[in-house]
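Shown next: my_file37.cif, given as mmCIF, C-alpha atoms and all ligand atoms.
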```
data_coords
#
loop_
_atom_site.label_atom_id
_atom_site.label_comp_id
_atom_site.auth_asym_id
_atom_site.auth_seq_id
_atom_site.Cartn_x
_atom_site.Cartn_y
_atom_site.Cartn_z
CA MET A 1 0.00 0.00 0.00
CA ALA A 2 2.70 2.39 -0.96
CA TRP A 3 0.15 4.88 -2.25
CA TYR A 4 -0.82 5.60 1.32
CA LYS A 5 2.71 6.75 2.11
CA LYS A 6 2.63 9.18 -0.79
CA LEU A 7 -0.80 10.32 0.26
CA HIS A 8 0.42 10.90 3.77
CA TRP A 9 2.85 13.54 2.51
CA GLN A 10 0.24 15.07 0.26
CA ILE A 11 -2.13 15.41 3.22
CA ILE A 12 0.61 17.07 5.29
CA VAL A 13 1.25 19.54 2.46
CA GLY A 14 -2.52 20.18 2.19
CA LEU A 15 -2.74 20.83 5.90
CA VAL A 16 0.21 23.22 6.02
CA LEU A 17 -0.95 25.12 2.93
CA GLY A 18 -4.46 25.30 4.40
CA VAL A 19 -3.12 26.88 7.59
CA VAL A 20 -0.95 29.34 5.66
CA PHE A 21 -3.80 30.25 3.34
CA GLY A 22 -6.23 30.58 6.30
CA ILE A 23 -3.93 33.00 8.11
CA PHE A 24 -3.36 34.97 4.93
CA ALA A 25 -7.11 35.07 4.17
CA ALA A 26 -7.98 36.19 7.71
CA ALA A 27 -5.31 38.87 7.59
CA SER A 28 -6.44 40.20 4.20
CA GLY A 29 -10.21 40.13 4.77
CA TRP A 30 -10.83 37.12 2.53
CA SER A 31 -13.06 35.19 4.91
CA GLY A 32 -16.09 35.54 2.64
CA PHE A 33 -14.15 34.24 -0.36
CA THR A 34 -12.84 31.32 1.69
CA SER A 35 -16.27 30.29 2.93
CA ASP A 36 -17.85 30.62 -0.53
CA TRP A 37 -15.17 29.06 -2.70
CA ILE A 38 -12.81 26.99 -0.54
CA ALA A 39 -14.85 25.60 2.37
CA PRO A 40 -17.29 23.62 0.16
CA PHE A 41 -14.46 21.26 -0.86
CA GLY A 42 -13.92 20.46 2.82
CA THR A 43 -17.63 19.82 3.26
CA ILE A 44 -17.65 17.51 0.23
CA PHE A 45 -14.73 15.55 1.70
CA ILE A 46 -16.43 15.16 5.10
CA ASN A 47 -19.72 14.24 3.45
CA LEU A 48 -18.02 11.51 1.43
CA LEU A 49 -16.41 10.08 4.56
CA LYS A 50 -19.70 10.14 6.44
CA LEU A 51 -21.47 8.67 3.44
CA ILE A 52 -19.24 5.63 3.48
CA ALA A 53 -19.01 5.23 7.28
CA VAL A 54 -22.35 3.47 7.82
CA PRO A 55 -22.05 1.02 4.88
CA LEU A 56 -18.48 0.34 5.99
CA ILE A 57 -19.45 -0.50 9.57
CA LEU A 58 -22.32 -2.65 8.38
CA VAL A 59 -20.55 -4.78 5.80
CA SER A 60 -17.25 -5.15 7.60
CA LEU A 61 -18.85 -5.99 10.93
CA VAL A 62 -21.26 -8.49 9.42
CA THR A 63 -18.43 -10.25 7.58
CA GLY A 64 -16.23 -10.01 10.68
CA VAL A 65 -18.80 -11.61 13.00
CA ALA A 66 -20.09 -14.13 10.45
CA SER A 67 -16.57 -15.39 9.82
CA LEU A 68 -15.93 -16.15 13.50
CA SER A 69 -15.70 -19.81 14.28
CA ASP A 70 -17.80 -19.47 17.40
CA LEU A 71 -19.66 -16.93 19.45
CA LYS A 72 -17.40 -17.39 22.47
CA LYS A 73 -14.67 -15.63 20.53
CA LEU A 74 -16.95 -12.64 19.94
CA SER A 75 -17.76 -12.28 23.60
CA ARG A 76 -14.09 -12.68 24.53
CA ILE A 77 -12.97 -9.98 22.08
CA GLY A 78 -15.91 -7.80 23.13
CA GLY A 79 -15.18 -8.08 26.84
CA LYS A 80 -11.49 -7.39 26.35
CA THR A 81 -12.13 -4.41 24.08
CA ILE A 82 -14.66 -2.71 26.33
CA GLY A 83 -12.49 -3.35 29.41
CA ILE A 84 -9.40 -1.79 27.81
CA TYR A 85 -11.40 1.14 26.44
CA MET A 86 -12.78 1.95 29.90
CA ALA A 87 -9.39 1.53 31.58
CA THR A 88 -7.59 3.87 29.17
CA THR A 89 -10.32 6.49 29.58
CA VAL A 90 -9.94 6.39 33.36
CA VAL A 91 -6.16 6.81 33.00
CA ALA A 92 -6.73 9.78 30.64
CA LEU A 93 -9.05 11.42 33.15
CA ILE A 94 -6.58 10.96 35.99
CA ILE A 95 -3.83 12.54 33.87
CA GLY A 96 -6.14 15.46 33.05
CA LEU A 97 -7.06 16.01 36.69
CA ALA A 98 -3.44 15.79 37.85
CA ILE A 99 -2.32 18.38 35.28
CA VAL A 100 -5.11 20.86 35.92
CA ASN A 101 -4.58 20.66 39.69
CA ILE A 102 -0.84 21.15 39.35
CA MET A 103 -0.88 23.88 36.69
CA ARG A 104 -4.03 25.66 37.95
CA PRO A 105 -4.68 27.47 34.64
CA GLY A 106 -7.88 28.98 36.04
CA ASP A 107 -5.89 31.21 38.37
CA THR A 108 -4.24 32.98 35.43
CA VAL A 109 -7.36 34.41 33.75
CA PRO A 110 -7.59 38.16 34.56
CA PRO A 111 -11.04 39.12 36.01
CA GLU A 112 -11.74 41.61 33.21
CA MET A 113 -11.05 38.92 30.59
CA ARG A 114 -13.35 36.55 32.46
CA THR A 115 -16.19 39.09 32.30
CA GLN A 116 -15.52 39.76 28.65
CA LEU A 117 -15.59 36.05 27.77
CA GLU A 118 -18.76 35.51 29.79
CA GLU A 119 -20.46 38.36 27.95
CA THR A 120 -19.26 37.39 24.47
CA TYR A 121 -20.23 33.73 24.70
CA ALA A 122 -23.22 33.98 27.08
CA GLN A 123 -25.88 33.32 24.44
CA GLU A 124 -24.03 30.43 22.79
CA ALA A 125 -23.31 28.87 26.19
CA GLN A 126 -26.95 29.18 27.21
CA ASP A 127 -28.16 27.54 23.99
CA ARG A 128 -25.77 24.62 24.24
CA ALA A 129 -26.28 24.07 27.96
CA GLY A 130 -30.05 24.33 27.59
CA SER A 131 -30.32 21.64 24.93
CA ALA A 132 -27.87 19.31 26.70
CA LEU A 133 -29.75 19.53 29.99
CA ALA A 134 -33.18 19.17 28.39
CA ALA A 135 -31.99 15.96 26.72
CA VAL A 136 -30.76 14.51 30.03
CA GLU A 137 -33.77 15.45 32.11
CA GLU A 138 -36.09 13.25 30.11
CA ARG A 139 -33.85 10.21 30.44
CA GLY A 140 -34.27 7.32 32.87
CA PRO A 141 -31.27 5.42 34.27
CA LEU A 142 -31.43 2.65 31.65
CA GLN A 143 -31.89 5.00 28.71
CA PRO A 144 -28.28 4.66 27.46
CA ILE A 145 -28.87 0.91 27.00
CA VAL A 146 -32.26 1.48 25.38
CA ASP A 147 -30.58 3.92 22.99
CA ILE A 148 -28.31 1.20 21.61
CA VAL A 149 -31.25 -0.79 20.25
CA PRO A 150 -32.80 0.89 17.20
CA GLU A 151 -36.46 0.57 16.28
CA ASN A 152 -35.68 1.13 12.63
CA PHE A 153 -32.37 0.38 11.00
CA PHE A 154 -32.76 3.00 8.30
CA GLY A 155 -33.49 5.60 10.95
CA SER A 156 -30.15 4.81 12.65
CA ALA A 157 -28.27 4.61 9.39
CA SER A 158 -29.51 8.02 8.36
CA SER A 159 -27.73 9.86 11.17
CA ASN A 160 -24.06 9.68 12.02
CA ARG A 161 -24.99 10.22 15.65
CA ASN A 162 -26.40 6.70 15.91
CA MET A 163 -23.39 4.65 14.95
CA LEU A 164 -23.69 2.46 18.02
CA GLN A 165 -27.11 1.36 16.77
CA VAL A 166 -25.60 0.40 13.43
CA VAL A 167 -22.91 -1.56 15.30
CA PHE A 168 -25.64 -3.34 17.27
CA PHE A 169 -27.61 -4.21 14.14
CA ALA A 170 -24.54 -5.46 12.28
CA ILE A 171 -23.49 -7.72 15.17
CA PHE A 172 -27.05 -9.01 15.45
CA LEU A 173 -27.14 -9.78 11.73
CA GLY A 174 -23.73 -11.49 11.87
CA ILE A 175 -24.79 -13.65 14.83
CA GLY A 176 -27.95 -14.64 12.97
CA MET A 177 -25.86 -15.68 9.99
CA LEU A 178 -23.79 -17.95 12.21
CA MET A 179 -26.96 -19.69 13.32
CA ILE A 180 -28.72 -20.41 10.01
CA PRO A 181 -27.80 -23.41 7.81
CA LYS A 182 -24.33 -23.06 6.32
CA ALA A 183 -25.45 -23.23 2.67
CA GLN A 184 -27.79 -20.25 3.02
CA ALA A 185 -25.36 -18.33 5.17
CA LYS A 186 -22.69 -18.81 2.52
CA ILE A 187 -24.74 -16.95 -0.12
CA LEU A 188 -25.22 -14.02 2.21
CA TYR A 189 -21.63 -14.11 3.33
CA ASP A 190 -20.34 -13.93 -0.23
CA VAL A 191 -22.56 -10.93 -0.92
CA PHE A 192 -21.37 -9.10 2.18
CA GLU A 193 -17.77 -9.97 1.43
CA ALA A 194 -18.03 -8.59 -2.10
CA ALA A 195 -19.73 -5.47 -0.72
CA ASN A 196 -16.89 -5.15 1.76
CA ASP A 197 -14.29 -5.14 -1.02
CA LEU A 198 -16.35 -2.56 -2.86
CA VAL A 199 -16.62 -0.26 0.16
CA ILE A 200 -12.87 -0.49 0.74
CA LYS A 201 -12.28 0.55 -2.87
CA LEU A 202 -14.62 3.51 -2.39
CA VAL A 203 -12.68 4.58 0.70
CA GLU A 204 -9.47 4.51 -1.32
CA ILE A 205 -11.08 6.71 -3.96
CA ILE A 206 -12.35 9.16 -1.34
CA MET A 207 -8.88 9.34 0.19
CA LEU A 208 -7.49 10.63 -3.09
CA MET A 209 -9.39 13.80 -2.32
CA ALA A 210 -7.95 14.04 1.21
CA PRO A 211 -5.19 16.59 0.47
CA ILE A 212 -7.67 19.05 -1.07
CA GLY A 213 -10.30 18.31 1.58
CA VAL A 214 -7.83 18.85 4.41
CA PHE A 215 -6.56 22.09 2.80
CA ALA A 216 -10.11 23.44 2.57
CA LEU A 217 -11.05 22.36 6.10
CA MET A 218 -8.00 24.01 7.63
CA ALA A 219 -8.41 27.25 5.67
CA ASP A 220 -12.06 27.43 6.65
CA THR A 221 -11.42 26.62 10.30
CA ILE A 222 -8.86 29.38 10.61
CA THR A 223 -10.96 32.03 8.87
CA SER A 224 -14.07 31.11 10.83
CA ILE A 225 -12.26 31.28 14.16
CA ALA A 226 -10.46 34.49 13.32
CA GLY A 227 -13.08 36.18 11.12
CA ASP A 228 -11.37 39.07 9.42
CA ASN A 229 -9.56 40.06 12.55
CA LEU A 230 -6.52 38.04 13.55
CA ALA A 231 -5.91 40.27 16.57
CA ASP A 232 -9.01 38.83 18.32
CA ILE A 233 -7.66 35.33 18.25
CA VAL A 234 -4.29 36.44 19.57
CA GLU A 235 -6.03 38.15 22.49
CA LEU A 236 -8.13 35.06 23.17
CA LEU A 237 -5.10 32.82 23.13
CA ALA A 238 -3.29 35.14 25.52
CA ALA A 239 -6.07 34.69 28.07
CA LEU A 240 -6.76 31.00 27.53
CA GLY A 241 -3.31 29.91 26.39
CA TYR A 242 -2.36 28.35 29.71
CA TYR A 243 -5.59 26.34 29.75
CA CYS A 244 -4.93 25.17 26.17
CA ILE A 245 -1.38 24.17 27.13
CA ALA A 246 -2.76 22.14 30.05
CA VAL A 247 -5.13 20.22 27.74
CA LEU A 248 -2.47 19.69 25.07
CA LEU A 249 0.12 18.58 27.60
CA GLY A 250 -2.35 16.03 28.97
CA LEU A 251 -3.08 14.68 25.49
CA VAL A 252 0.62 14.40 24.69
CA ILE A 253 1.36 12.63 27.99
CA HIS A 254 -1.50 10.19 27.48
CA MET A 255 -0.40 9.35 23.95
CA GLY A 256 3.32 9.42 24.77
CA ILE A 257 3.15 7.35 27.95
CA THR A 258 -0.10 5.36 28.17
CA TYR A 259 -0.40 4.35 24.51
CA SER A 260 3.34 3.97 24.04
CA ALA A 261 3.56 1.64 27.04
CA MET A 262 0.66 -0.44 25.73
CA LEU A 263 2.29 -0.71 22.32
CA LYS A 264 5.71 -1.50 23.70
CA PHE A 265 4.63 -4.19 26.14
CA LEU A 266 1.62 -5.68 24.42
CA THR A 267 2.34 -5.54 20.67
CA PRO A 268 5.30 -6.29 18.40
CA PHE A 269 5.36 -2.69 17.08
CA SER A 270 8.02 -0.15 17.83
CA ILE A 271 6.47 3.15 18.88
CA LYS A 272 8.13 4.97 16.00
CA GLU A 273 6.84 2.56 13.39
CA PHE A 274 3.31 2.65 14.79
CA ALA A 275 3.32 6.45 14.99
CA GLN A 276 4.46 6.75 11.38
CA LYS A 277 1.81 4.38 10.12
CA ILE A 278 -1.10 6.13 11.77
CA ILE A 279 -0.21 9.70 10.69
CA PRO A 280 -2.82 9.84 7.86
CA VAL A 281 -5.54 8.91 10.38
CA GLN A 282 -4.38 11.60 12.79
CA LEU A 283 -4.30 14.24 10.06
CA VAL A 284 -7.82 13.45 8.92
CA ALA A 285 -9.03 13.42 12.55
CA PHE A 286 -7.33 16.77 13.16
CA SER A 287 -8.88 18.46 10.16
CA THR A 288 -12.38 16.96 10.42
CA SER A 289 -12.69 16.99 14.26
CA SER A 290 -14.77 13.87 14.00
CA SER A 291 -13.76 10.32 14.88
CA GLY A 292 -16.91 9.15 13.09
CA ALA A 293 -15.95 10.78 9.81
CA THR A 294 -12.39 9.51 10.24
CA LEU A 295 -13.51 5.91 10.80
CA PRO A 296 -13.15 4.76 7.16
CA VAL A 297 -9.52 5.93 7.18
CA THR A 298 -8.92 4.42 10.63
CA MET A 299 -10.12 1.03 9.41
CA GLU A 300 -8.10 1.17 6.21
CA ILE A 301 -4.88 1.93 8.03
CA ALA A 302 -5.54 -0.63 10.77
CA GLU A 303 -6.04 -3.42 8.27
CA ASN A 304 -3.59 -2.51 5.53
CA GLU A 305 -0.78 -0.80 7.39
CA LEU A 306 -0.90 -2.21 10.90
CA GLY A 307 -2.04 -5.66 9.81
CA VAL A 308 -4.96 -5.91 12.25
CA SER A 309 -7.23 -8.69 11.03
CA GLU A 310 -10.59 -7.66 9.68
CA GLU A 311 -12.28 -9.78 12.32
CA VAL A 312 -10.80 -7.58 15.07
CA SER A 313 -10.73 -4.20 13.33
CA SER A 314 -14.33 -4.40 12.14
CA PHE A 315 -15.49 -4.86 15.69
CA VAL A 316 -13.02 -2.87 17.79
CA LEU A 317 -12.80 0.30 15.65
CA PRO A 318 -16.48 1.20 15.05
CA LEU A 319 -17.08 0.51 18.73
CA GLY A 320 -14.07 2.66 19.63
CA ALA A 321 -15.17 5.56 17.44
CA THR A 322 -18.43 5.63 19.35
CA ILE A 323 -17.56 4.72 22.93
CA ASN A 324 -13.83 5.35 23.37
CA MET A 325 -12.92 8.99 23.72
CA ASP A 326 -9.85 9.38 25.86
CA GLY A 327 -8.98 12.79 24.43
CA THR A 328 -12.48 14.06 25.06
CA GLY A 329 -12.51 12.71 28.62
CA LEU A 330 -9.14 14.26 29.42
CA TYR A 331 -10.24 17.60 27.98
CA GLN A 332 -13.48 17.48 29.98
CA ALA A 333 -11.58 16.86 33.22
CA VAL A 334 -9.26 19.81 32.57
CA ALA A 335 -12.08 22.07 31.37
CA ALA A 336 -14.39 21.32 34.30
CA VAL A 337 -11.75 22.08 36.90
CA PHE A 338 -10.48 25.10 34.92
CA ILE A 339 -13.98 26.61 34.86
CA ALA A 340 -14.37 25.98 38.60
CA GLN A 341 -10.96 27.59 39.25
CA THR A 342 -11.79 30.63 37.12
CA LEU A 343 -15.10 31.08 38.93
CA GLY A 344 -13.26 30.83 42.25
CA MET A 345 -14.88 27.53 43.26
CA GLY A 346 -12.85 24.73 44.82
CA LEU A 347 -13.53 21.13 43.86
CA ASP A 348 -12.74 18.59 46.60
CA LEU A 349 -11.60 15.01 46.03
CA ALA A 350 -15.17 13.67 46.02
CA ALA A 351 -16.14 16.18 43.32
CA GLN A 352 -13.12 15.22 41.24
CA LEU A 353 -13.98 11.52 41.55
CA THR A 354 -17.50 12.39 40.41
CA ILE A 355 -15.91 14.01 37.35
CA VAL A 356 -14.06 10.76 36.58
CA PHE A 357 -17.21 8.68 36.96
CA THR A 358 -19.46 11.00 34.97
CA ALA A 359 -16.88 11.58 32.25
CA VAL A 360 -16.33 7.84 31.68
CA LEU A 361 -20.07 7.41 31.22
CA ALA A 362 -20.31 10.60 29.16
CA SER A 363 -17.56 9.46 26.81
CA ILE A 364 -19.70 6.45 25.89
CA GLY A 365 -22.64 8.66 25.08
CA THR A 366 -20.63 11.34 23.27
CA ALA A 367 -21.30 11.33 19.54
CA ALA A 368 -18.19 11.08 17.37
CA VAL A 369 -18.81 14.48 15.77
CA PRO A 370 -17.31 17.96 16.17
CA SER A 371 -18.05 19.76 19.45
CA ALA A 372 -19.85 16.81 21.03
CA GLY A 373 -17.44 16.90 23.96
CA ILE A 374 -18.47 20.35 25.12
CA VAL A 375 -22.14 19.34 25.23
CA MET A 376 -21.28 16.47 27.54
CA LEU A 377 -19.15 18.84 29.58
CA VAL A 378 -22.37 20.60 30.56
CA ILE A 379 -23.57 17.40 32.23
CA ILE A 380 -20.26 16.91 34.01
CA LEU A 381 -20.32 20.49 35.30
CA GLU A 382 -23.86 20.07 36.60
CA SER A 383 -22.88 16.84 38.38
CA VAL A 384 -20.34 18.73 40.50
CA GLY A 385 -22.41 21.88 41.02
CA VAL A 386 -20.43 24.21 38.72
CA PRO A 387 -22.74 26.50 36.69
CA SER A 388 -22.92 25.19 33.15
CA ALA A 389 -22.96 28.76 31.83
CA GLY A 390 -19.24 28.56 32.63
CA ILE A 391 -18.65 26.91 29.25
CA ALA A 392 -18.78 30.47 27.90
CA LEU A 393 -15.23 30.80 29.22
CA ILE A 394 -13.82 28.14 26.93
CA LEU A 395 -16.02 28.24 23.82
CA GLY A 396 -13.65 30.57 21.99
CA VAL A 397 -10.87 27.99 21.84
CA ASP A 398 -13.01 24.89 21.68
CA ARG A 399 -12.56 24.17 17.99
CA ILE A 400 -8.79 23.95 18.15
CA LEU A 401 -8.91 21.71 21.23
CA ASP A 402 -11.59 19.60 19.54
CA MET A 403 -9.21 18.96 16.65
CA CYS A 404 -6.46 17.87 19.04
CA ARG A 405 -8.62 15.69 21.29
CA THR A 406 -10.05 13.93 18.22
CA VAL A 407 -6.47 12.98 17.26
CA THR A 408 -6.07 11.35 20.68
CA ASN A 409 -9.46 9.63 20.36
CA VAL A 410 -8.55 7.93 17.08
CA SER A 411 -5.01 7.10 18.22
CA GLY A 412 -6.54 5.38 21.26
CA ASP A 413 -8.88 3.35 19.07
CA LEU A 414 -5.98 2.21 16.91
CA THR A 415 -3.77 1.38 19.89
CA VAL A 416 -6.49 -0.76 21.48
CA ALA A 417 -7.29 -2.47 18.16
CA THR A 418 -3.61 -3.39 17.80
CA VAL A 419 -3.37 -4.62 21.39
CA VAL A 420 -6.52 -6.74 21.05
CA ALA A 421 -5.32 -8.13 17.70
CA ALA A 422 -1.91 -9.01 19.20
CA SER A 423 -3.59 -10.80 22.11
CA GLU A 424 -5.77 -12.80 19.70
CA ASN A 425 -2.89 -13.67 17.36
CA ALA A 426 -4.71 -11.63 14.76
CA LEU A 427 -1.89 -9.33 13.67
CA ASN A 428 -0.71 -9.97 10.17
CA ALA A 429 3.05 -10.23 10.56
CA LYS A 430 3.74 -8.94 7.05
CA ALA A 431 2.19 -5.53 7.69
CA ALA A 432 3.44 -5.33 11.27
N1 LIG A 501 -14.91 15.62 18.09
C1 LIG A 501 -14.66 14.52 18.98
C2 LIG A 501 -14.64 13.23 18.20
O1 LIG A 501 -15.32 13.09 17.21
C3 LIG A 501 -15.67 14.45 20.08
C4 LIG A 501 -15.51 15.69 20.95
O2 LIG A 501 -14.67 15.65 21.87
O3 LIG A 501 -16.17 16.69 20.72
O4 LIG A 501 -13.93 12.33 18.58
#
```
Show the structure stored in the file as structure tokens.
Amino acid sequence: MAWYKKLHWQIIVGLVLGVVFGIFAAASGWSGFTSDWIAPFGTIFINLLKLIAVPLILVSLVTGVASLSDLKKLSRIGGKTIGIYMATTVVALIIGLAIVNIMRPGDTVPPEMRTQLEETYAQEAQDRAGSALAAVEERGPLQPIVDIVPENFFGSASSNRNMLQVVFFAIFLGIGMLMIPKAQAKILYDVFEAANDLVIKLVEIIMLMAPIGVFALMADTITSIAGDNLADIVELLAALGYYCIAVLLGLVIHMGITYSAMLKFLTPFSIKEFAQKIIPVQLVAFSTSSSGATLPVTMEIAENELGVSEEVSSFVLPLGATINMDGTGLYQAVAAVFIAQTLGMGLDLAAQLTIVFTAVLASIGTAAVPSAGIVMLVIILESVGVPSAGIALILGVDRILDMCRTVTNVSGDLTVATVVAASENALNAKAA
């Protein structure tokens, strides 16, 4: 798959040029031109990825499950996967809490800046907090489980927010295929397998557009954050820079220590080799801010570059894109405590443990789309008695942090997929 290596450089060039163009456009008042003539190419790229995500999950998971020799293997892989996902999220949250308590970024925001941020983002914060809380209030304790089971497959397939329902349906279908007579199952299996090859080809075609898509997404992100006034963003970063550094440091530590240790001790990969292979996934995650949209690329790289068997990748990765969000959890821990610090509220140990508990649950329910993490943050803030209007303080820099935490989210999914594959002897030695 040498073409991926070439593509990897093309995507990097697209990203760098997009940033340079975005800064230039913001500085020369070209935001309107960028959103009219450049941004649509980014939207087309994301739409194509989303378009293929549901068919990809469906066909690859059905073939993955239906090719298992027995159901015990499915429950073993499932148990292992969910256990590791939860454990890494807890570690991420602990890292986030440790950093925010040591660095105390909330103490560095000048009071006048705090008032200004609260005023500027008050309406947006109120809208987001309002809809998040309304959604939670109507929910009973078992609602998250109920939500996994769709009443209509096409309903779930039509929204990228319901990927877990598609995962459920695909597993259900695959299990059914294991239980019907072999001759009939074989016909269906062949159809799904052919469809799987087709979908993989379509992903490869879509990826040819990645350099242009990434260029457009980056240019648009920069001009929409900065508008036509670059000075605003510099001022914002001056006030919230320390908070951003705390989040970024946490993400780097989690990837550099937690994931690296898992790779070193539990897989045959060297950290350098693994990091190089997953760069295209990280670049697409960074520019789309969506682990869901990145999923087709994640699966391609896992199977073709890392050598994870389809049986493992088709199960572990769609599940990871929906329930495993270490970057998001870490960011939520830092953000919650940062907001409390800025508002002059102390959070004791019990409150911080509540953050861990709520954030682990929230990361399961967080949709793999841009900005989903900040909606869940509202629920975490409420659980520890911090006013949810406080998200106004961090909204201005949320997009950039969203891009970075999505990189961690997809890197975590790939690390766990590789670890699970290694433990199941399902790593293709040639690729690895
Ligand atoms: N954008 C993130 C993702 O898709 C979720 C979030 O933290 O907002 O992984």
Ligand LIG 501 (chain A) neighbours within 10 Å using only C-alpha atoms and all ligand atoms, as a PDB file with C-alpha atoms, in the frame of the given file:
```
ATOM      1  CA  ALA A 285      -9.030  13.420  12.550  1.00  0.00           C
ATOM      2  CA  PHE A 286      -7.330  16.770  13.160  1.00  0.00           C
ATOM      3  CA  THR A 288     -12.380  16.960  10.420  1.00  0.00           C
ATOM      4  CA  SER A 289     -12.690  16.990  14.260  1.00  0.00           C
ATOM      5  CA  SER A 290     -14.770  13.870  14.000  1.00  0.00           C
ATOM      6  CA  SER A 291     -13.760  10.320  14.880  1.00  0.00           C
ATOM      7  CA  GLY A 292     -16.910   9.150  13.090  1.00  0.00           C
ATOM      8  CA  ALA A 293     -15.950  10.780   9.810  1.00  0.00           C
ATOM      9  CA  THR A 294     -12.390   9.510  10.240  1.00  0.00           C
ATOM     10  CA  LEU A 295     -13.510   5.910  10.800  1.00  0.00           C
ATOM     11  CA  GLY A 320     -14.070   2.660  19.630  1.00  0.00           C
ATOM     12  CA  ALA A 321     -15.170   5.560  17.440  1.00  0.00           C
ATOM     13  CA  THR A 322     -18.430   5.630  19.350  1.00  0.00           C
ATOM     14  CA  ILE A 323     -17.560   4.720  22.930  1.00  0.00           C
ATOM     15  CA  ASN A 324     -13.830   5.350  23.370  1.00  0.00           C
ATOM     16  CA  MET A 325     -12.920   8.990  23.720  1.00  0.00           C
ATOM     17  CA  ASP A 326      -9.850   9.380  25.860  1.00  0.00           C
ATOM     18  CA  GLY A 327      -8.980  12.790  24.430  1.00  0.00           C
ATOM     19  CA  THR A 328     -12.480  14.060  25.060  1.00  0.00           C
ATOM     20  CA  GLY A 329     -12.510  12.710  28.620  1.00  0.00           C
ATOM     21  CA  LEU A 330      -9.140  14.260  29.420  1.00  0.00           C
ATOM     22  CA  TYR A 331     -10.240  17.600  27.980  1.00  0.00           C
ATOM     23  CA  GLN A 332     -13.480  17.480  29.980  1.00  0.00           C
ATOM     24  CA  SER A 363     -17.560   9.460  26.810  1.00  0.00           C
ATOM     25  CA  THR A 366     -20.630  11.340  23.270  1.00  0.00           C
ATOM     26  CA  ALA A 367     -21.300  11.330  19.540  1.00  0.00           C
ATOM     27  CA  ALA A 368     -18.190  11.080  17.370  1.00  0.00           C
ATOM     28  CA  VAL A 369     -18.810  14.480  15.770  1.00  0.00           C
ATOM     29  CA  PRO A 370     -17.310  17.960  16.170  1.00  0.00           C
ATOM     30  CA  SER A 371     -18.050  19.760  19.450  1.00  0.00           C
ATOM     31  CA  ALA A 372     -19.850  16.810  21.030  1.00  0.00           C
ATOM     32  CA  GLY A 373     -17.440  16.900  23.960  1.00  0.00           C
ATOM     33  CA  ILE A 374     -18.470  20.350  25.120  1.00  0.00           C
ATOM     34  CA  VAL A 375     -22.140  19.340  25.230  1.00  0.00           C
ATOM     35  CA  MET A 376     -21.280  16.470  27.540  1.00  0.00           C
ATOM     36  CA  LEU A 377     -19.150  18.840  29.580  1.00  0.00           C
ATOM     37  CA  ASP A 398     -13.010  24.890  21.680  1.00  0.00           C
ATOM     38  CA  ARG A 399     -12.560  24.170  17.990  1.00  0.00           C
ATOM     39  CA  LEU A 401      -8.910  21.710  21.230  1.00  0.00           C
ATOM     40  CA  ASP A 402     -11.590  19.600  19.540  1.00  0.00           C
ATOM     41  CA  MET A 403      -9.210  18.960  16.650  1.00  0.00           C
ATOM     42  CA  CYS A 404      -6.460  17.870  19.040  1.00  0.00           C
ATOM     43  CA  ARG A 405      -8.620  15.690  21.290  1.00  0.00           C
ATOM     44  CA  THR A 406     -10.050  13.930  18.220  1.00  0.00           C
ATOM     45  CA  VAL A 407      -6.470  12.980  17.260  1.00  0.00           C
ATOM     46  CA  THR A 408      -6.070  11.350  20.680  1.00  0.00           C
ATOM     47  CA  ASN A 409      -9.460   9.630  20.360  1.00  0.00           C
ATOM     48  CA  VAL A 410      -8.550   7.930  17.080  1.00  0.00           C
TER      49      VAL A 410
END
```
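Rounded to one decimal, atom CA of A:Ile11 and atom CA of A:Lys277 lie 13.6 Å from each other.
Taking atom CA of A:Leu71 and atom CA of A:Ile180 as endpoints, the distance between them is 13.5 Å.
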In terms of the shortest atom-to-atom distance over all atoms listed in the file, which of A:Asp107, A:Glu204, A:Asp190, A:Glu300 is closest to A:Ala239? A:Asp107
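Distance check against A:Val234 using only C-alpha atoms: of A:Ile95, A:Val312, A:Ile12, A:Ile23, the minimum falls on A:Ile23.
Point (2.0, 6.8, 28.1) has the following residues at most 12 Å away: A:Thr88, A:Val91, A:Ala92, A:Ile95, A:Leu249, A:Gly250, A:Leu251, A:Val252, A:Ile253, A:His254, A:Met255, A:Gly256, A:Ile257, A:Thr258, A:Tyr259, A:Ser260, A:Ala261, A:Met262, A:Leu263, A:Lys264, A:Phe265, A:Ile271, A:Thr408, A:Gly412, A:Thr415 (atoms considered: only C-alpha atoms).
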I'd like to know which of A:Pro55, A:Ala129, A:Leu217, A:Leu202 is closest to A:Ser156, using all atoms listed in the file. A:Pro55
Contacts of stretch 48-50 of chain A at 8 Å (only C-alpha atoms; same-chain gap of 3+ positions) as JSON, numbers by chain: {"A": [44, 45, 53, 54, 160, 203, 206, 292, 293, 294, 296]}
Go ahead and save the picked residues with C-alpha atoms, as a short mmCIF file (atom, residue, chain, number, x, y, z; two decimals), in the coordinates of the input.
```cif
data_model
loop_
_atom_site.label_atom_id
_atom_site.label_comp_id
_atom_site.auth_asym_id
_atom_site.auth_seq_id
_atom_site.Cartn_x
_atom_site.Cartn_y
_atom_site.Cartn_z
CA ILE A 44 -17.65 17.51 0.23
CA PHE A 45 -14.73 15.55 1.70
CA ALA A 53 -19.01 5.23 7.28
CA VAL A 54 -22.35 3.47 7.82
CA ASN A 160 -24.06 9.68 12.02
CA VAL A 203 -12.68 4.58 0.70
CA ILE A 206 -12.35 9.16 -1.34
CA GLY A 292 -16.91 9.15 13.09
CA ALA A 293 -15.95 10.78 9.81
CA THR A 294 -12.39 9.51 10.24
CA PRO A 296 -13.15 4.76 7.16
#
```
